[in-house]
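Participant: First the structure, then my questions, so here it is.
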Amino acid sequence: MRSYSPDLTPPWKRSKPALEIPADPDLVVEEVSTGFCGAVIRCEAGTVTLDDRFGKHRVFPLEPRGFLLEGQVVTLVRPAPMAPSRPSRTASGSIAVPGARARVARAGRIYVEGRHDAELVERVWGDDLRIEGVVVEYLEGIDDLPAIVADFAPGPDARLGVLVDHLVDGSKESRLAASVTDPHVLVVGHPYIDVWEAVKPSSVGIPAWPRVPRGQDWKTGVCRALGWPENTGAAWQHILSRVTSYKDLEPALLGRVEELIDFVTLSD
């Protein structure tokens, strides 16, 4: 049987437990035995490396009561490993699903007018579309929209959504949209001449999108008015690079894309 030996040291002479402090980067401490003062630059198993104001590095063991922090004796401990951070929401504002696998593509589709439209939709809604299994394709114009719809052969399990530029009363686009009456097709659009305008001017760093006189190529006219090189491909890449989330887009586009995604996935 083990014998018990009481601690007969008077209470006022006993060492108080030192506060344990994680050796986080940039924490400034002083090593008690040498007086070396520096910021933590690295903490490994059993040691901590300090960097003083002259750029000198010293490695010290992580011993109990081995450091001073603002004049108080502390015990440095290795920081807990940080969990990898994940965005809580996607670029579209939906709740992110970490580790979610892309769904097998649906029979349904979303068609947009051009490549720039497709790239913008991918930039903001790409994560959502992959989870839902929705493929976005671009048409290079909608002059043959009725034939395109007929060729797709929409049905209850193969819904088709179409996003149209400049869908305003009296426009050619509005007449083409009205010619599609299939219940398994939804044609919606935004009021902008081109999807460039659906990006908020403030996100691009301009006061407003310029007005381009009729008869001029709109994109070239925008570049000219803004003093950009008349390279519409490069201009679009600049615009697209300024889009990081739905907050950079106008509500008139946001609502229409969300409407199309809901329509195409309705068969579930």
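So you can find residues: chains in the structure tokens are A, B, ... in the order shown, residues in each start at 1, and ligands are numbered from 1 in order.
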For Leu163 of chain A, please output as a PyMOL selection string all residues within 9 Å (counting only C-alpha atoms; exclusion window: fewer than 6 positions along the same chain).
Facilitator: chain A and resi 110-113+117+186-190+256-257+260
Participant: What does the file look like for those residues with C-alpha atoms, as an mmCIF file, in the first residue's frame?
Facilitator:
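Printed below is result26.cif as written:
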```cif
data_model
loop_
_atom_site.group_PDB
_atom_site.id
_atom_site.type_symbol
_atom_site.label_atom_id
_atom_site.label_comp_id
_atom_site.auth_asym_id
_atom_site.auth_seq_id
_atom_site.Cartn_x
_atom_site.Cartn_y
_atom_site.Cartn_z
ATOM 1 C CA ILE A 110 -31.006 26.380 -69.083
ATOM 2 C CA TYR A 111 -30.187 28.191 -72.312
ATOM 3 C CA VAL A 112 -28.680 31.672 -72.341
ATOM 4 C CA GLU A 113 -27.979 33.905 -75.308
ATOM 5 C CA ASP A 117 -24.130 35.205 -70.099
ATOM 6 C CA LEU A 186 -40.011 29.139 -69.350
ATOM 7 C CA VAL A 187 -38.599 32.148 -71.175
ATOM 8 C CA VAL A 188 -37.598 35.057 -68.952
ATOM 9 C CA GLY A 189 -35.253 37.947 -69.431
ATOM 10 C CA HIS A 190 -33.651 41.067 -68.092
ATOM 11 C CA ARG A 256 -34.699 35.726 -63.376
ATOM 12 C CA VAL A 257 -31.870 33.215 -62.955
ATOM 13 C CA LEU A 260 -35.162 29.495 -64.129
#
```
Participant: Just the strand (DSSP E or B) stuff from segment 106-257 of chain A, please, per backbone DSSP, written as a VMD selection string.
Facilitator: chain A and resid 109 to 112 135 to 138 155 158 160 to 164 185 to 189 199 249
Participant: How would the residues just picked look written out with N, CA and C atoms as a PDB file, in the first residue's frame?
Facilitator:
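To be explicit, this is the file written out as again_25.pdb:
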```pdb
ATOM      1  N   ARG A 109     -32.508  21.746 -69.107  1.00  0.00           N
ATOM      2  CA  ARG A 109     -31.389  22.643 -69.395  1.00  0.00           C
ATOM      3  C   ARG A 109     -31.818  24.093 -69.169  1.00  0.00           C
ATOM      4  N   ILE A 110     -30.805  24.931 -69.014  1.00  0.00           N
ATOM      5  CA  ILE A 110     -31.006  26.380 -69.083  1.00  0.00           C
ATOM      6  C   ILE A 110     -30.192  26.882 -70.260  1.00  0.00           C
ATOM      7  N   TYR A 111     -30.864  27.583 -71.171  1.00  0.00           N
ATOM      8  CA  TYR A 111     -30.187  28.191 -72.312  1.00  0.00           C
ATOM      9  C   TYR A 111     -30.049  29.682 -72.058  1.00  0.00           C
ATOM     10  N   VAL A 112     -28.893  30.225 -72.390  1.00  0.00           N
ATOM     11  CA  VAL A 112     -28.680  31.672 -72.341  1.00  0.00           C
ATOM     12  C   VAL A 112     -28.213  32.119 -73.720  1.00  0.00           C
ATOM     13  N   VAL A 135     -27.423  21.926 -66.282  1.00  0.00           N
ATOM     14  CA  VAL A 135     -26.411  22.348 -67.246  1.00  0.00           C
ATOM     15  C   VAL A 135     -26.882  23.626 -67.932  1.00  0.00           C
ATOM     16  N   VAL A 136     -25.963  24.585 -68.073  1.00  0.00           N
ATOM     17  CA  VAL A 136     -26.251  25.835 -68.775  1.00  0.00           C
ATOM     18  C   VAL A 136     -25.505  25.824 -70.111  1.00  0.00           C
ATOM     19  N   GLU A 137     -26.223  26.118 -71.191  1.00  0.00           N
ATOM     20  CA  GLU A 137     -25.623  26.176 -72.520  1.00  0.00           C
ATOM     21  C   GLU A 137     -25.949  27.526 -73.152  1.00  0.00           C
ATOM     22  N   TYR A 138     -25.057  27.999 -74.032  1.00  0.00           N
ATOM     23  CA  TYR A 138     -25.342  29.273 -74.701  1.00  0.00           C
ATOM     24  C   TYR A 138     -25.640  29.042 -76.172  1.00  0.00           C
ATOM     25  N   GLY A 155     -40.311  18.321 -71.950  1.00  0.00           N
ATOM     26  CA  GLY A 155     -41.373  17.515 -71.365  1.00  0.00           C
ATOM     27  C   GLY A 155     -41.351  17.639 -69.861  1.00  0.00           C
ATOM     28  N   ALA A 158     -38.036  16.979 -68.596  1.00  0.00           N
ATOM     29  CA  ALA A 158     -36.967  17.666 -69.346  1.00  0.00           C
ATOM     30  C   ALA A 158     -37.417  19.096 -69.606  1.00  0.00           C
ATOM     31  N   LEU A 160     -37.163  23.147 -69.906  1.00  0.00           N
ATOM     32  CA  LEU A 160     -36.204  24.053 -70.538  1.00  0.00           C
ATOM     33  C   LEU A 160     -36.443  25.468 -70.052  1.00  0.00           C
ATOM     34  N   GLY A 161     -35.378  26.105 -69.572  1.00  0.00           N
ATOM     35  CA  GLY A 161     -35.441  27.508 -69.198  1.00  0.00           C
ATOM     36  C   GLY A 161     -34.560  28.316 -70.125  1.00  0.00           C
ATOM     37  N   VAL A 162     -35.035  29.490 -70.527  1.00  0.00           N
ATOM     38  CA  VAL A 162     -34.290  30.328 -71.464  1.00  0.00           C
ATOM     39  C   VAL A 162     -34.161  31.736 -70.882  1.00  0.00           C
ATOM     40  N   LEU A 163     -32.928  32.222 -70.822  1.00  0.00           N
ATOM     41  CA  LEU A 163     -32.667  33.582 -70.340  1.00  0.00           C
ATOM     42  C   LEU A 163     -32.356  34.468 -71.543  1.00  0.00           C
ATOM     43  N   VAL A 164     -33.109  35.541 -71.671  1.00  0.00           N
ATOM     44  CA  VAL A 164     -33.018  36.403 -72.851  1.00  0.00           C
ATOM     45  C   VAL A 164     -32.552  37.796 -72.437  1.00  0.00           C
ATOM     46  N   VAL A 185     -41.608  24.956 -70.950  1.00  0.00           N
ATOM     47  CA  VAL A 185     -40.554  25.915 -71.268  1.00  0.00           C
ATOM     48  C   VAL A 185     -40.874  27.231 -70.579  1.00  0.00           C
ATOM     49  N   LEU A 186     -39.863  27.814 -69.956  1.00  0.00           N
ATOM     50  CA  LEU A 186     -40.011  29.139 -69.350  1.00  0.00           C
ATOM     51  C   LEU A 186     -38.982  30.069 -69.969  1.00  0.00           C
ATOM     52  N   VAL A 187     -39.478  31.134 -70.592  1.00  0.00           N
ATOM     53  CA  VAL A 187     -38.599  32.148 -71.175  1.00  0.00           C
ATOM     54  C   VAL A 187     -38.717  33.406 -70.331  1.00  0.00           C
ATOM     55  N   VAL A 188     -37.623  33.816 -69.741  1.00  0.00           N
ATOM     56  CA  VAL A 188     -37.598  35.057 -68.952  1.00  0.00           C
ATOM     57  C   VAL A 188     -36.403  35.872 -69.417  1.00  0.00           C
ATOM     58  N   GLY A 189     -36.372  37.118 -69.007  1.00  0.00           N
ATOM     59  CA  GLY A 189     -35.253  37.947 -69.431  1.00  0.00           C
ATOM     60  C   GLY A 189     -35.055  39.143 -68.541  1.00  0.00           C
ATOM     61  N   VAL A 199     -24.168  43.740 -64.381  1.00  0.00           N
ATOM     62  CA  VAL A 199     -23.168  43.889 -63.323  1.00  0.00           C
ATOM     63  C   VAL A 199     -23.257  45.325 -62.799  1.00  0.00           C
ATOM     64  N   LEU A 249     -24.427  41.892 -58.730  1.00  0.00           N
ATOM     65  CA  LEU A 249     -25.357  41.863 -59.859  1.00  0.00           C
ATOM     66  C   LEU A 249     -26.638  42.617 -59.541  1.00  0.00           C
TER      67      LEU A 249
END
```
Participant: Residues within 10 Å of segment 26-33 of chain A, please, as a ChimeraX atom specification. Count only C-alpha atoms; anything in the same chain fewer than 2 positions from it doesn't count.
Facilitator: /A:21-24,35-42,50-52,58,60-61,65-74,76
Participant: Please dump the current selection as a short mmCIF file (atom, residue, chain, number, x, y, z; two decimals), in the first residue's frame; keep N, CA and C atoms.
Facilitator:
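Output contents, as saved in out_37.cif:
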```
data_model
loop_
_atom_site.label_atom_id
_atom_site.label_comp_id
_atom_site.auth_asym_id
_atom_site.auth_seq_id
_atom_site.Cartn_x
_atom_site.Cartn_y
_atom_site.Cartn_z
N ILE A 21 -1.06 29.78 -22.07
CA ILE A 21 -1.35 30.67 -23.19
C ILE A 21 -0.93 29.98 -24.50
N PRO A 22 -1.82 29.90 -25.49
CA PRO A 22 -1.43 29.34 -26.79
C PRO A 22 -0.34 30.20 -27.44
N ALA A 23 0.68 29.56 -27.97
CA ALA A 23 1.78 30.28 -28.62
C ALA A 23 1.37 30.63 -30.05
N ASP A 24 0.42 31.54 -30.16
CA ASP A 24 -0.07 31.95 -31.47
C ASP A 24 0.95 32.85 -32.17
N GLY A 35 15.82 36.40 -20.62
CA GLY A 35 15.34 37.76 -20.87
C GLY A 35 15.14 38.05 -22.34
N PHE A 36 15.28 37.04 -23.19
CA PHE A 36 15.09 37.25 -24.63
C PHE A 36 13.61 37.52 -24.90
N CYS A 37 13.34 38.65 -25.56
CA CYS A 37 11.97 39.07 -25.83
C CYS A 37 11.74 39.06 -27.33
N GLY A 38 10.65 38.43 -27.76
CA GLY A 38 10.36 38.40 -29.19
C GLY A 38 8.96 37.90 -29.48
N ALA A 39 8.62 37.95 -30.75
CA ALA A 39 7.30 37.51 -31.21
C ALA A 39 7.38 36.06 -31.67
N VAL A 40 6.34 35.31 -31.39
CA VAL A 40 6.27 33.91 -31.82
C VAL A 40 6.18 33.86 -33.34
N ILE A 41 7.08 33.12 -33.96
CA ILE A 41 6.99 32.94 -35.41
C ILE A 41 6.74 31.48 -35.78
N ARG A 42 6.97 30.58 -34.83
CA ARG A 42 6.74 29.17 -35.12
C ARG A 42 6.63 28.42 -33.81
N LEU A 50 11.17 32.39 -31.25
CA LEU A 50 10.86 33.81 -31.09
C LEU A 50 11.74 34.63 -32.01
N ASP A 51 11.21 35.76 -32.43
CA ASP A 51 11.92 36.69 -33.32
C ASP A 51 11.94 38.04 -32.63
N ASP A 52 13.16 38.54 -32.29
CA ASP A 52 13.21 39.82 -31.58
C ASP A 52 13.18 40.99 -32.57
N ARG A 58 15.47 32.83 -31.78
CA ARG A 58 15.92 31.91 -30.73
C ARG A 58 14.84 30.86 -30.53
N PHE A 60 13.23 28.03 -27.94
CA PHE A 60 13.16 27.71 -26.52
C PHE A 60 12.21 26.53 -26.31
N PRO A 61 12.48 25.74 -25.27
CA PRO A 61 11.54 24.65 -24.96
C PRO A 61 10.26 25.20 -24.34
N ARG A 65 5.85 27.61 -16.82
CA ARG A 65 6.26 28.88 -16.22
C ARG A 65 7.53 29.42 -16.86
N GLY A 66 7.68 29.17 -18.18
CA GLY A 66 8.92 29.53 -18.85
C GLY A 66 8.95 30.89 -19.50
N PHE A 67 7.84 31.65 -19.47
CA PHE A 67 7.79 32.91 -20.20
C PHE A 67 7.02 33.96 -19.41
N LEU A 68 7.30 35.20 -19.76
CA LEU A 68 6.56 36.33 -19.20
C LEU A 68 5.72 36.96 -20.30
N LEU A 69 4.47 37.21 -19.96
CA LEU A 69 3.56 37.90 -20.88
C LEU A 69 3.02 39.12 -20.15
N GLU A 70 3.47 40.29 -20.61
CA GLU A 70 3.08 41.55 -19.97
C GLU A 70 3.41 41.50 -18.48
N GLY A 71 4.58 40.93 -18.16
CA GLY A 71 5.05 40.88 -16.78
C GLY A 71 4.51 39.73 -15.97
N GLN A 72 3.62 38.94 -16.50
CA GLN A 72 3.03 37.81 -15.76
C GLN A 72 3.64 36.50 -16.24
N VAL A 73 4.01 35.64 -15.28
CA VAL A 73 4.57 34.33 -15.63
C VAL A 73 3.47 33.47 -16.25
N VAL A 74 3.77 32.89 -17.40
CA VAL A 74 2.80 32.05 -18.09
C VAL A 74 3.49 30.79 -18.60
N LEU A 76 3.57 28.66 -21.98
CA LEU A 76 3.16 28.61 -23.38
C LEU A 76 2.84 27.17 -23.78
#
```
Participant: In terms of the shortest atom-to-atom distance over only C-alpha atoms, which of A:Ser174, A:Pro201, A:Arg242, A:Arg130 is closest to Ala105 of chain A?
Facilitator: A:Arg130
Participant: Would you mind telling me which residue in A:Gly108, A:Gly170, A:Gly141, A:Gly255 lies nearest to Ala153 of chain A when using only C-alpha atoms?
Facilitator: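 Counting only C-alpha atoms, the residue closest to Ala153 of chain A is A:Gly108.
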Participant: Report as a tab-separated table (two decimals) with N, CA and C atoms, in the first residue's frame all protein, DNA and RNA residues lying within 8 Å of Leu176 of chain A, evaluated on only C-alpha atoms, omitting residues in the same chain fewer than 4 positions from it.
Facilitator:
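Done, and the output landed in out-v4.tsv:
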```tsv
chain	number	residue	atom	x	y	z
A	142	ILE	N	-30.93	34.26	-80.24
A	142	ILE	CA	-32.21	33.53	-80.11
A	142	ILE	C	-33.11	33.75	-81.31
A	143	ASP	N	-32.56	34.14	-82.47
A	143	ASP	CA	-33.38	34.37	-83.65
A	143	ASP	C	-34.16	33.12	-84.05
A	145	LEU	N	-35.32	30.80	-81.90
A	145	LEU	CA	-35.77	30.23	-80.63
A	145	LEU	C	-36.87	29.18	-80.79
A	146	PRO	N	-37.93	29.41	-81.58
A	146	PRO	CA	-38.96	28.36	-81.70
A	146	PRO	C	-38.39	27.04	-82.20
A	172	LYS	N	-37.72	42.86	-80.33
A	172	LYS	CA	-37.69	41.62	-81.09
A	172	LYS	C	-37.66	40.43	-80.13
A	180	VAL	N	-43.16	31.20	-77.90
A	180	VAL	CA	-42.93	29.91	-77.25
A	180	VAL	C	-44.03	29.70	-76.21
```
Participant: From the set A:Ile261, A:Leu254, A:Leu62, A:Val48, which residue has the shortest atom-to-atom contact distance to Asp128 of chain A, counting only C-alpha atoms?
Facilitator: A:Ile261
Participant: Find the residues near Leu120 of chain A: any atom within 12 Å, counting only C-alpha atoms, skip ones fewer than 3 places away on the same chain, and give them as a ChimeraX atom specification.
Facilitator: /A:91-92,112-117,123-126,136,138,194-199,236-237,239-246,248-249,253-254,257
Participant: Between atom CA of Glu173 of chain A and atom CA of Val149 of chain A, measure the distance and give it in Å to one decimal.
Facilitator: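 Result for atom CA of Glu173 of chain A versus atom CA of Val149 of chain A: 14.8 Å, one decimal.
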Participant: I'd like the contact shell of Pro229 of chain A - 12 Å cut-off, only C-alpha atoms, skipping same-chain residues fewer than 6 positions apart - returned as number ranges by chain.
Facilitator: A: 219-223, 235-236, 238
Participant: Convert the current residue selection to file output with N, CA, C and O atoms, as a short mmCIF file (atom, residue, chain, number, x, y, z; two decimals), in the first residue's frame.
Facilitator:
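The result, written out as selection.cif:
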```cif
data_model
loop_
_atom_site.label_atom_id
_atom_site.label_comp_id
_atom_site.auth_asym_id
_atom_site.auth_seq_id
_atom_site.Cartn_x
_atom_site.Cartn_y
_atom_site.Cartn_z
N LYS A 219 -21.02 46.96 -77.23
CA LYS A 219 -19.85 46.66 -76.40
C LYS A 219 -18.66 47.53 -76.79
O LYS A 219 -17.95 48.06 -75.93
N THR A 220 -18.46 47.70 -78.10
CA THR A 220 -17.37 48.56 -78.55
C THR A 220 -17.61 50.00 -78.11
O THR A 220 -16.69 50.70 -77.68
N GLY A 221 -18.88 50.43 -78.19
CA GLY A 221 -19.22 51.77 -77.75
C GLY A 221 -18.98 51.99 -76.27
O GLY A 221 -18.54 53.07 -75.84
N VAL A 222 -19.24 50.96 -75.47
CA VAL A 222 -18.98 51.05 -74.03
C VAL A 222 -17.49 51.22 -73.77
O VAL A 222 -17.07 52.07 -72.98
N CYS A 223 -16.69 50.39 -74.43
CA CYS A 223 -15.23 50.49 -74.26
C CYS A 223 -14.74 51.88 -74.64
O CYS A 223 -13.92 52.49 -73.93
N ALA A 235 -12.23 43.38 -72.16
CA ALA A 235 -13.11 44.18 -71.31
C ALA A 235 -14.03 43.28 -70.49
O ALA A 235 -14.25 43.51 -69.30
N TRP A 236 -14.56 42.24 -71.14
CA TRP A 236 -15.46 41.33 -70.41
C TRP A 236 -14.72 40.60 -69.31
O TRP A 236 -15.23 40.43 -68.20
N HIS A 238 -12.27 41.68 -67.60
CA HIS A 238 -12.12 42.65 -66.52
C HIS A 238 -13.42 42.76 -65.72
O HIS A 238 -13.41 42.74 -64.48
#
```
Participant: Rounded to one decimal, what separation in Å do you get between atom CA of Ala252 of chain A and atom CA of Pro210 of chain A?
Facilitator: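 Computing it gives 18.4 Å between the two atoms.
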Participant: Rounded to one decimal place, report the atom CA of Ala107 of chain A-atom CA of Ala150 of chain A distance in Å.
Facilitator: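 So the two atoms, atom CA of Ala107 of chain A and atom CA of Ala150 of chain A, lie 14.8 Å apart.
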